[in-house]
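Here is input07.cif, consisting of mmCIF, N, CA and C atoms:
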```cif
data_data
loop_
_atom_site.label_atom_id
_atom_site.label_comp_id
_atom_site.auth_asym_id
_atom_site.auth_seq_id
_atom_site.Cartn_x
_atom_site.Cartn_y
_atom_site.Cartn_z
N MET A 17 -29.92 12.12 12.25
CA MET A 17 -29.89 10.69 12.41
C MET A 17 -30.64 10.07 11.23
N ALA A 18 -30.31 8.87 10.93
CA ALA A 18 -30.82 8.24 9.72
C ALA A 18 -31.94 7.25 10.04
N VAL A 19 -32.80 7.04 9.08
CA VAL A 19 -33.76 5.96 9.14
C VAL A 19 -33.03 4.70 8.71
N MET A 20 -33.18 3.63 9.44
CA MET A 20 -32.46 2.40 9.15
C MET A 20 -33.28 1.53 8.19
N ASN A 21 -32.96 0.24 8.07
CA ASN A 21 -33.59 -0.68 7.12
C ASN A 21 -35.10 -0.72 7.21
N ASP A 22 -35.65 -0.82 8.40
CA ASP A 22 -37.08 -0.87 8.63
C ASP A 22 -37.63 0.55 8.44
N LEU A 23 -38.37 0.76 7.37
CA LEU A 23 -38.82 2.12 7.05
C LEU A 23 -39.74 2.71 8.10
N SER A 24 -40.34 1.88 8.95
CA SER A 24 -41.20 2.41 9.99
C SER A 24 -40.41 2.77 11.26
N LEU A 25 -39.12 2.45 11.29
CA LEU A 25 -38.28 2.70 12.45
C LEU A 25 -37.31 3.82 12.12
N SER A 26 -37.32 4.87 12.94
CA SER A 26 -36.40 5.99 12.73
C SER A 26 -35.76 6.38 14.05
N THR A 27 -34.64 7.08 13.96
CA THR A 27 -33.97 7.58 15.15
C THR A 27 -33.84 9.09 15.04
N ARG A 28 -33.80 9.72 16.20
CA ARG A 28 -33.59 11.16 16.27
C ARG A 28 -33.11 11.51 17.66
N SER A 29 -32.55 12.70 17.78
CA SER A 29 -32.13 13.19 19.09
C SER A 29 -33.35 13.68 19.86
N ALA A 30 -33.33 13.45 21.16
CA ALA A 30 -34.42 13.92 22.02
C ALA A 30 -34.37 15.44 22.14
N THR A 31 -35.51 16.01 22.38
CA THR A 31 -35.62 17.44 22.65
C THR A 31 -36.19 17.60 24.07
N PRO A 32 -36.12 18.80 24.61
CA PRO A 32 -36.72 19.00 25.95
C PRO A 32 -38.19 18.58 26.02
N ALA A 33 -38.91 18.70 24.93
CA ALA A 33 -40.32 18.32 24.91
C ALA A 33 -40.53 16.81 25.09
N ASP A 34 -39.49 16.01 24.85
CA ASP A 34 -39.60 14.54 24.94
C ASP A 34 -39.32 14.00 26.34
N LEU A 35 -38.82 14.82 27.24
CA LEU A 35 -38.24 14.28 28.47
C LEU A 35 -39.23 13.57 29.39
N ASP A 36 -40.43 14.09 29.54
CA ASP A 36 -41.42 13.39 30.38
C ASP A 36 -41.76 12.02 29.79
N GLU A 37 -41.90 11.98 28.48
CA GLU A 37 -42.19 10.71 27.82
C GLU A 37 -41.04 9.72 27.99
N VAL A 38 -39.81 10.20 27.89
CA VAL A 38 -38.64 9.33 28.07
C VAL A 38 -38.60 8.77 29.48
N LEU A 39 -38.82 9.61 30.48
CA LEU A 39 -38.81 9.12 31.86
C LEU A 39 -39.89 8.08 32.10
N ALA A 40 -41.07 8.30 31.57
CA ALA A 40 -42.15 7.31 31.69
C ALA A 40 -41.79 6.03 30.94
N PHE A 41 -41.17 6.17 29.79
CA PHE A 41 -40.76 5.02 28.98
C PHE A 41 -39.75 4.16 29.75
N TRP A 42 -38.78 4.80 30.40
CA TRP A 42 -37.78 4.04 31.13
C TRP A 42 -38.39 3.22 32.26
N LYS A 43 -39.48 3.66 32.83
CA LYS A 43 -40.14 2.89 33.88
C LYS A 43 -40.70 1.58 33.35
N VAL A 44 -41.03 1.55 32.07
CA VAL A 44 -41.57 0.35 31.42
C VAL A 44 -40.48 -0.49 30.78
N ALA A 45 -39.49 0.17 30.16
CA ALA A 45 -38.56 -0.53 29.28
C ALA A 45 -37.15 -0.71 29.83
N ALA A 46 -36.73 0.13 30.77
CA ALA A 46 -35.34 0.06 31.24
C ALA A 46 -35.22 -0.91 32.40
N GLU A 47 -34.06 -1.51 32.50
CA GLU A 47 -33.75 -2.41 33.59
C GLU A 47 -33.04 -1.61 34.67
N GLY A 48 -33.59 -1.56 35.85
CA GLY A 48 -32.97 -0.80 36.93
C GLY A 48 -33.25 0.68 36.78
N ASN A 49 -32.68 1.46 37.70
CA ASN A 49 -32.82 2.90 37.61
C ASN A 49 -31.52 3.55 38.07
N SER A 50 -31.46 4.84 37.86
CA SER A 50 -30.24 5.58 38.13
C SER A 50 -30.58 6.81 38.97
N ILE A 51 -29.60 7.32 39.66
CA ILE A 51 -29.77 8.53 40.44
C ILE A 51 -30.13 9.72 39.54
N SER A 52 -29.80 9.61 38.26
CA SER A 52 -30.08 10.70 37.30
C SER A 52 -31.40 10.54 36.56
N ASP A 53 -32.17 9.52 36.89
CA ASP A 53 -33.45 9.28 36.21
C ASP A 53 -34.54 10.18 36.77
N ASP A 54 -34.37 11.46 36.56
CA ASP A 54 -35.41 12.41 36.95
C ASP A 54 -35.39 13.55 35.93
N GLY A 55 -36.39 14.39 36.01
CA GLY A 55 -36.52 15.47 35.03
C GLY A 55 -35.30 16.36 34.96
N ASP A 56 -34.76 16.73 36.13
CA ASP A 56 -33.58 17.60 36.15
C ASP A 56 -32.37 16.92 35.54
N GLY A 57 -32.16 15.66 35.87
CA GLY A 57 -31.00 14.93 35.35
C GLY A 57 -31.03 14.80 33.84
N VAL A 58 -32.17 14.42 33.30
CA VAL A 58 -32.27 14.24 31.85
C VAL A 58 -32.26 15.59 31.14
N ALA A 59 -32.85 16.59 31.75
CA ALA A 59 -32.82 17.94 31.15
C ALA A 59 -31.38 18.45 31.07
N ARG A 60 -30.58 18.20 32.11
CA ARG A 60 -29.17 18.62 32.07
C ARG A 60 -28.42 17.92 30.94
N LEU A 61 -28.69 16.64 30.77
CA LEU A 61 -28.05 15.89 29.68
C LEU A 61 -28.36 16.52 28.34
N VAL A 62 -29.64 16.75 28.07
CA VAL A 62 -30.06 17.27 26.76
C VAL A 62 -29.56 18.71 26.57
N GLU A 63 -29.52 19.48 27.64
CA GLU A 63 -29.01 20.85 27.53
C GLU A 63 -27.51 20.85 27.24
N ARG A 64 -26.78 20.01 27.94
CA ARG A 64 -25.32 19.97 27.78
C ARG A 64 -24.90 19.36 26.45
N ASP A 65 -25.59 18.30 26.03
CA ASP A 65 -25.24 17.61 24.79
C ASP A 65 -26.53 17.21 24.08
N PRO A 66 -27.08 18.10 23.27
CA PRO A 66 -28.40 17.88 22.66
C PRO A 66 -28.52 16.65 21.76
N GLU A 67 -27.41 16.07 21.35
CA GLU A 67 -27.48 14.89 20.48
C GLU A 67 -27.21 13.58 21.21
N ALA A 68 -26.97 13.64 22.52
CA ALA A 68 -26.58 12.44 23.26
C ALA A 68 -27.72 11.45 23.48
N LEU A 69 -28.91 11.94 23.73
CA LEU A 69 -30.04 11.06 24.00
C LEU A 69 -30.74 10.77 22.67
N ILE A 70 -30.59 9.54 22.22
CA ILE A 70 -31.12 9.13 20.93
C ILE A 70 -32.39 8.31 21.16
N LEU A 71 -33.44 8.67 20.42
CA LEU A 71 -34.72 7.98 20.52
C LEU A 71 -34.95 7.17 19.25
N ALA A 72 -35.57 6.02 19.41
CA ALA A 72 -36.06 5.23 18.27
C ALA A 72 -37.57 5.30 18.31
N GLU A 73 -38.15 5.56 17.16
CA GLU A 73 -39.60 5.64 17.04
C GLU A 73 -40.07 4.75 15.89
N ARG A 74 -41.19 4.13 16.13
CA ARG A 74 -41.83 3.33 15.09
C ARG A 74 -43.24 3.88 14.94
N GLU A 75 -43.53 4.40 13.75
CA GLU A 75 -44.84 4.99 13.46
C GLU A 75 -45.22 6.03 14.50
N GLY A 76 -44.22 6.86 14.87
CA GLY A 76 -44.48 7.96 15.79
C GLY A 76 -44.47 7.61 17.26
N GLU A 77 -44.32 6.34 17.60
CA GLU A 77 -44.31 5.90 19.01
C GLU A 77 -42.88 5.63 19.46
N LEU A 78 -42.56 6.07 20.67
CA LEU A 78 -41.25 5.81 21.25
C LEU A 78 -41.11 4.32 21.54
N VAL A 79 -40.08 3.70 20.96
CA VAL A 79 -39.86 2.26 21.16
C VAL A 79 -38.49 1.94 21.74
N GLY A 80 -37.60 2.95 21.80
CA GLY A 80 -36.28 2.69 22.35
C GLY A 80 -35.48 3.95 22.58
N THR A 81 -34.47 3.82 23.47
CA THR A 81 -33.57 4.93 23.77
C THR A 81 -32.16 4.41 23.95
N VAL A 82 -31.22 5.30 23.76
CA VAL A 82 -29.84 5.07 24.18
C VAL A 82 -29.21 6.44 24.43
N ILE A 83 -28.37 6.51 25.43
CA ILE A 83 -27.58 7.71 25.66
C ILE A 83 -26.19 7.42 25.12
N ALA A 84 -25.76 8.25 24.18
CA ALA A 84 -24.45 8.12 23.54
C ALA A 84 -23.61 9.33 23.94
N GLY A 85 -22.96 9.23 25.09
CA GLY A 85 -22.20 10.34 25.61
C GLY A 85 -20.75 10.29 25.18
N PHE A 86 -20.22 11.43 24.78
CA PHE A 86 -18.81 11.53 24.38
C PHE A 86 -18.21 12.71 25.13
N ASP A 87 -17.16 12.44 25.89
CA ASP A 87 -16.55 13.49 26.70
C ASP A 87 -15.29 14.07 26.05
N GLY A 88 -15.05 13.72 24.79
CA GLY A 88 -13.85 14.16 24.10
C GLY A 88 -12.72 13.16 24.20
N TRP A 89 -12.89 12.19 25.09
CA TRP A 89 -11.87 11.17 25.31
C TRP A 89 -12.44 9.77 25.09
N ARG A 90 -13.60 9.53 25.68
CA ARG A 90 -14.21 8.20 25.59
C ARG A 90 -15.67 8.29 25.18
N CYS A 91 -16.13 7.22 24.57
CA CYS A 91 -17.52 7.10 24.13
C CYS A 91 -18.23 6.18 25.12
N HIS A 92 -19.30 6.67 25.72
CA HIS A 92 -20.01 5.91 26.74
C HIS A 92 -21.47 5.70 26.33
N LEU A 93 -21.95 4.49 26.51
CA LEU A 93 -23.34 4.14 26.20
C LEU A 93 -24.08 3.81 27.49
N TYR A 94 -25.24 4.43 27.63
CA TYR A 94 -26.09 4.22 28.79
C TYR A 94 -27.53 4.11 28.31
N ARG A 95 -28.34 3.55 29.14
CA ARG A 95 -29.79 3.55 28.97
C ARG A 95 -30.27 3.03 27.61
N LEU A 96 -29.61 1.95 27.14
CA LEU A 96 -30.16 1.25 25.98
C LEU A 96 -31.40 0.53 26.50
N ALA A 97 -32.55 1.00 26.08
CA ALA A 97 -33.82 0.44 26.54
C ALA A 97 -34.74 0.29 25.35
N VAL A 98 -35.36 -0.86 25.26
CA VAL A 98 -36.31 -1.15 24.18
C VAL A 98 -37.61 -1.60 24.81
N HIS A 99 -38.70 -1.06 24.32
CA HIS A 99 -40.01 -1.45 24.85
C HIS A 99 -40.15 -2.97 24.76
N PRO A 100 -40.66 -3.61 25.81
CA PRO A 100 -40.79 -5.07 25.79
C PRO A 100 -41.52 -5.63 24.56
N ASP A 101 -42.52 -4.93 24.05
CA ASP A 101 -43.24 -5.40 22.86
C ASP A 101 -42.46 -5.24 21.57
N GLN A 102 -41.33 -4.52 21.62
CA GLN A 102 -40.55 -4.23 20.41
C GLN A 102 -39.20 -4.95 20.39
N ARG A 103 -38.93 -5.76 21.38
CA ARG A 103 -37.64 -6.44 21.44
C ARG A 103 -37.52 -7.50 20.35
N ARG A 104 -36.29 -7.68 19.93
CA ARG A 104 -35.94 -8.65 18.86
C ARG A 104 -36.54 -8.23 17.51
N ARG A 105 -36.69 -6.91 17.33
CA ARG A 105 -37.22 -6.38 16.07
C ARG A 105 -36.29 -5.31 15.48
N GLY A 106 -35.03 -5.30 15.92
CA GLY A 106 -34.04 -4.41 15.34
C GLY A 106 -33.91 -3.05 15.99
N VAL A 107 -34.67 -2.78 17.04
CA VAL A 107 -34.63 -1.46 17.67
C VAL A 107 -33.27 -1.22 18.34
N GLY A 108 -32.81 -2.17 19.13
CA GLY A 108 -31.53 -2.02 19.82
C GLY A 108 -30.38 -1.86 18.84
N SER A 109 -30.34 -2.69 17.82
CA SER A 109 -29.23 -2.59 16.86
C SER A 109 -29.29 -1.28 16.08
N THR A 110 -30.49 -0.79 15.81
CA THR A 110 -30.63 0.50 15.14
C THR A 110 -30.12 1.63 16.03
N LEU A 111 -30.47 1.58 17.31
CA LEU A 111 -29.99 2.60 18.25
C LEU A 111 -28.47 2.55 18.39
N LEU A 112 -27.91 1.36 18.50
CA LEU A 112 -26.46 1.26 18.63
C LEU A 112 -25.75 1.73 17.37
N ALA A 113 -26.31 1.45 16.21
CA ALA A 113 -25.71 1.94 14.96
C ALA A 113 -25.73 3.47 14.93
N ALA A 114 -26.82 4.07 15.37
CA ALA A 114 -26.90 5.54 15.42
C ALA A 114 -25.88 6.11 16.40
N ALA A 115 -25.73 5.46 17.56
CA ALA A 115 -24.77 5.91 18.56
C ALA A 115 -23.34 5.80 18.02
N GLU A 116 -23.03 4.68 17.40
CA GLU A 116 -21.69 4.47 16.86
C GLU A 116 -21.39 5.44 15.73
N GLU A 117 -22.39 5.76 14.92
CA GLU A 117 -22.23 6.77 13.87
C GLU A 117 -21.89 8.13 14.49
N ARG A 118 -22.60 8.46 15.55
CA ARG A 118 -22.32 9.72 16.27
C ARG A 118 -20.90 9.73 16.80
N PHE A 119 -20.49 8.65 17.45
CA PHE A 119 -19.16 8.58 18.02
C PHE A 119 -18.08 8.71 16.95
N THR A 120 -18.25 8.01 15.86
CA THR A 120 -17.28 8.08 14.77
C THR A 120 -17.16 9.49 14.22
N ALA A 121 -18.28 10.15 14.04
CA ALA A 121 -18.28 11.53 13.54
C ALA A 121 -17.57 12.48 14.51
N LEU A 122 -17.61 12.17 15.80
CA LEU A 122 -16.97 13.01 16.81
C LEU A 122 -15.49 12.65 17.02
N GLY A 123 -15.02 11.60 16.35
CA GLY A 123 -13.64 11.18 16.49
C GLY A 123 -13.42 10.11 17.53
N GLY A 124 -14.49 9.52 18.03
CA GLY A 124 -14.36 8.46 19.02
C GLY A 124 -13.74 7.21 18.43
N ARG A 125 -13.03 6.47 19.26
CA ARG A 125 -12.32 5.27 18.80
C ARG A 125 -12.81 3.97 19.42
N ARG A 126 -13.43 4.07 20.59
CA ARG A 126 -13.90 2.87 21.28
C ARG A 126 -15.08 3.26 22.14
N ALA A 127 -16.10 2.43 22.11
CA ALA A 127 -17.29 2.68 22.93
C ALA A 127 -17.34 1.68 24.07
N ASP A 128 -17.76 2.16 25.22
CA ASP A 128 -18.03 1.24 26.32
C ASP A 128 -19.48 1.40 26.75
N ALA A 129 -20.00 0.38 27.37
CA ALA A 129 -21.41 0.36 27.72
C ALA A 129 -21.60 -0.03 29.18
N MET A 130 -22.58 0.60 29.81
CA MET A 130 -22.99 0.21 31.15
C MET A 130 -24.08 -0.85 30.98
N VAL A 131 -23.77 -2.08 31.40
CA VAL A 131 -24.71 -3.19 31.27
C VAL A 131 -24.79 -3.88 32.63
N LEU A 132 -25.99 -3.97 33.16
CA LEU A 132 -26.16 -4.63 34.46
C LEU A 132 -25.78 -6.11 34.37
N ASP A 133 -24.99 -6.57 35.33
CA ASP A 133 -24.59 -7.97 35.36
C ASP A 133 -25.80 -8.90 35.38
N ARG A 134 -26.83 -8.50 36.11
CA ARG A 134 -28.00 -9.37 36.26
C ARG A 134 -28.93 -9.36 35.05
N ASN A 135 -28.72 -8.44 34.11
CA ASN A 135 -29.61 -8.32 32.95
C ASN A 135 -29.13 -9.25 31.83
N SER A 136 -29.29 -10.55 32.06
CA SER A 136 -28.77 -11.53 31.12
C SER A 136 -29.43 -11.45 29.74
N SER A 137 -30.68 -11.01 29.67
CA SER A 137 -31.32 -10.88 28.36
C SER A 137 -30.64 -9.80 27.51
N ALA A 138 -30.10 -8.78 28.16
CA ALA A 138 -29.39 -7.72 27.42
C ALA A 138 -28.02 -8.19 26.97
N HIS A 139 -27.42 -9.11 27.67
CA HIS A 139 -26.08 -9.57 27.31
C HIS A 139 -26.04 -10.11 25.89
N HIS A 140 -27.07 -10.82 25.49
CA HIS A 140 -27.14 -11.36 24.13
C HIS A 140 -27.13 -10.21 23.11
N ALA A 141 -27.93 -9.20 23.36
CA ALA A 141 -28.01 -8.07 22.42
C ALA A 141 -26.67 -7.35 22.31
N TRP A 142 -26.02 -7.13 23.44
CA TRP A 142 -24.72 -6.45 23.41
C TRP A 142 -23.68 -7.28 22.69
N ARG A 143 -23.65 -8.58 22.96
CA ARG A 143 -22.68 -9.45 22.28
C ARG A 143 -22.96 -9.48 20.78
N ALA A 144 -24.23 -9.55 20.40
CA ALA A 144 -24.59 -9.57 18.98
C ALA A 144 -24.13 -8.30 18.27
N ALA A 145 -24.05 -7.20 19.01
CA ALA A 145 -23.61 -5.93 18.44
C ALA A 145 -22.08 -5.78 18.47
N GLY A 146 -21.38 -6.79 18.97
CA GLY A 146 -19.92 -6.76 18.97
C GLY A 146 -19.28 -6.30 20.25
N TYR A 147 -20.06 -6.12 21.31
CA TYR A 147 -19.54 -5.68 22.60
C TYR A 147 -19.27 -6.89 23.49
N GLY A 148 -18.34 -6.75 24.40
CA GLY A 148 -18.06 -7.81 25.35
C GLY A 148 -17.52 -7.23 26.64
N PRO A 149 -17.69 -7.96 27.73
CA PRO A 149 -17.20 -7.47 29.02
C PRO A 149 -15.67 -7.48 29.06
N GLU A 150 -15.13 -6.59 29.85
CA GLU A 150 -13.70 -6.58 30.11
C GLU A 150 -13.51 -6.90 31.59
N PRO A 151 -13.23 -8.14 31.91
CA PRO A 151 -13.22 -8.57 33.31
C PRO A 151 -12.12 -7.91 34.15
N GLN A 152 -11.14 -7.30 33.51
CA GLN A 152 -10.07 -6.67 34.28
C GLN A 152 -10.48 -5.30 34.81
N TRP A 153 -11.67 -4.80 34.43
CA TRP A 153 -12.14 -3.49 34.87
C TRP A 153 -13.36 -3.64 35.76
N SER A 154 -13.45 -2.81 36.75
CA SER A 154 -14.65 -2.72 37.59
C SER A 154 -15.08 -1.27 37.63
N ARG A 155 -16.35 -1.07 37.79
CA ARG A 155 -16.89 0.28 37.93
C ARG A 155 -16.82 0.68 39.39
N TRP A 156 -16.21 1.80 39.67
CA TRP A 156 -16.13 2.34 41.01
C TRP A 156 -17.00 3.57 41.06
N VAL A 157 -17.83 3.69 42.08
CA VAL A 157 -18.83 4.74 42.13
C VAL A 157 -18.80 5.46 43.46
N LYS A 158 -19.00 6.76 43.40
CA LYS A 158 -19.21 7.56 44.61
C LYS A 158 -20.37 8.50 44.30
N HIS A 159 -21.44 8.42 45.05
CA HIS A 159 -22.56 9.33 44.88
C HIS A 159 -22.18 10.70 45.42
N LEU A 160 -22.39 11.73 44.63
CA LEU A 160 -22.04 13.09 45.03
C LEU A 160 -23.19 13.81 45.70
N THR A 161 -24.40 13.26 45.57
CA THR A 161 -25.59 13.79 46.22
C THR A 161 -26.37 12.63 46.79
N ASP A 162 -27.31 12.96 47.64
CA ASP A 162 -28.16 11.90 48.23
C ASP A 162 -29.17 11.38 47.26
#
```
Re-express the file's structure as structure tokens.
Amino acid sequence: MAVMNDLSLSTRSATPADLDEVLAFWKVAAEGNSISDDGDGVARLVERDPEALILAEREGELVGTVIAGFDGWRCHLYRLAVHPDQRRRGVGSTLLAAAEERFTALGGRRADAMVLDRNSSAHHAWRAAGYGPEPQWSRWVKHLTD
């Protein structure tokens, strides 16, 4: 992954050693939670696709995350989270650029993102990055475990 314009901001793929820090970070920076927000869930992600969980760091501190999952057919973005003290400082756009670079290298053609309807502050960031809702689609969910 590349260092972007801000020389103090860099991106890299998460390693198993980062997972506890990522889970703690999401409690501060992420909006909502997921059934997979636990050590086992994130460990499975990193084991299955070691480049999917992208971290942004500024001066060695975790300031943002995004999951850039590619299943060979579609590019999916999850868990774009930026520390509240780091918002509006290019972290989100840097993470999305890294994710899109990954997708392009893998042959992806279109990315979709999971964005909470109620997270209106995130809507601006997603729109600024060129994403928009598709009102003709709804997410249908079935939990496979309790």
*Please identify all polymer residues within 8 Å of A:Arg90, counting all atoms listed in the file, omitting same-chain residues fewer than 5 positions from it, and present them as a list in words.*
Gly85, Phe119, Gly124, Arg125, Arg126, Ala127 and Asp128 of chain A
*Out of stretch 117-156 of chain A, which residues get helix (DSSP H, G or I) from DSSP, as a list in words?*
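Going through stretch 117-156 of chain A, the helix (DSSP H, G or I) residues come out as Glu117, Arg118, Phe119, Thr120, Ala121, Leu122, Ser136, Ser137, Ala138, His139, His140, Ala141, Trp142, Arg143 and Ala144 of chain A.
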*Please identify which residues in stretch 17-152 of chain A DSSP calls strand (DSSP E or B) from the backbone, and express them as number ranges by chain.*
A: 19, 25-29, 69-74, 77-86, 91-98, 127-129
*Residue members of the PyMOL selection byres (((chain A and resi 71 and name CA) around 9) and name CA) in the file shown, as number ranges by chain*: A: 26-30, 38, 69-70, 72-73, 78-83, 111
*Coordinates-based distance that separates atom CA of A:Ala121 from atom C of A:Trp42 (Å, one decimal)*: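 Atom-to-atom, atom C of A:Trp42 and atom CA of A:Ala121 are spaced 28.7 Å apart.
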Give the centre and edge lengths of an axis-aligned box, in Å to one decimal, that holds all listed atoms of stretch 50-54 of chain A with 3 Å on each side, as JSON.
```
{"center_x": -32.5, "center_y": 9.2, "center_z": 38.2, "size_x": 11.8, "size_y": 14.7, "size_z": 10.5}
```
_Can you translate the PyMOL selection byres ((chain A and resi 44-52) around 8) into the concrete residues it hits in this file, as number ranges by chain?_
A: 39-43, 53-59, 79-80, 95-101, 132, 135, 162
*Within 10 Å of A:Asp133, counting only C-alpha atoms, which residues qualify if same-chain residues fewer than 5 places away don't, as a list in words?*
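Result of the neighbour search: Ala138, His139 and Pro149 of chain A.
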*Counting all atoms listed in the file, which residues come within 6 Å of (-25.2, 6.9, 19.9), with the point read in the file's coordinates, and could you list them as number ranges by chain?*
A: 83-84, 111-112, 114-119
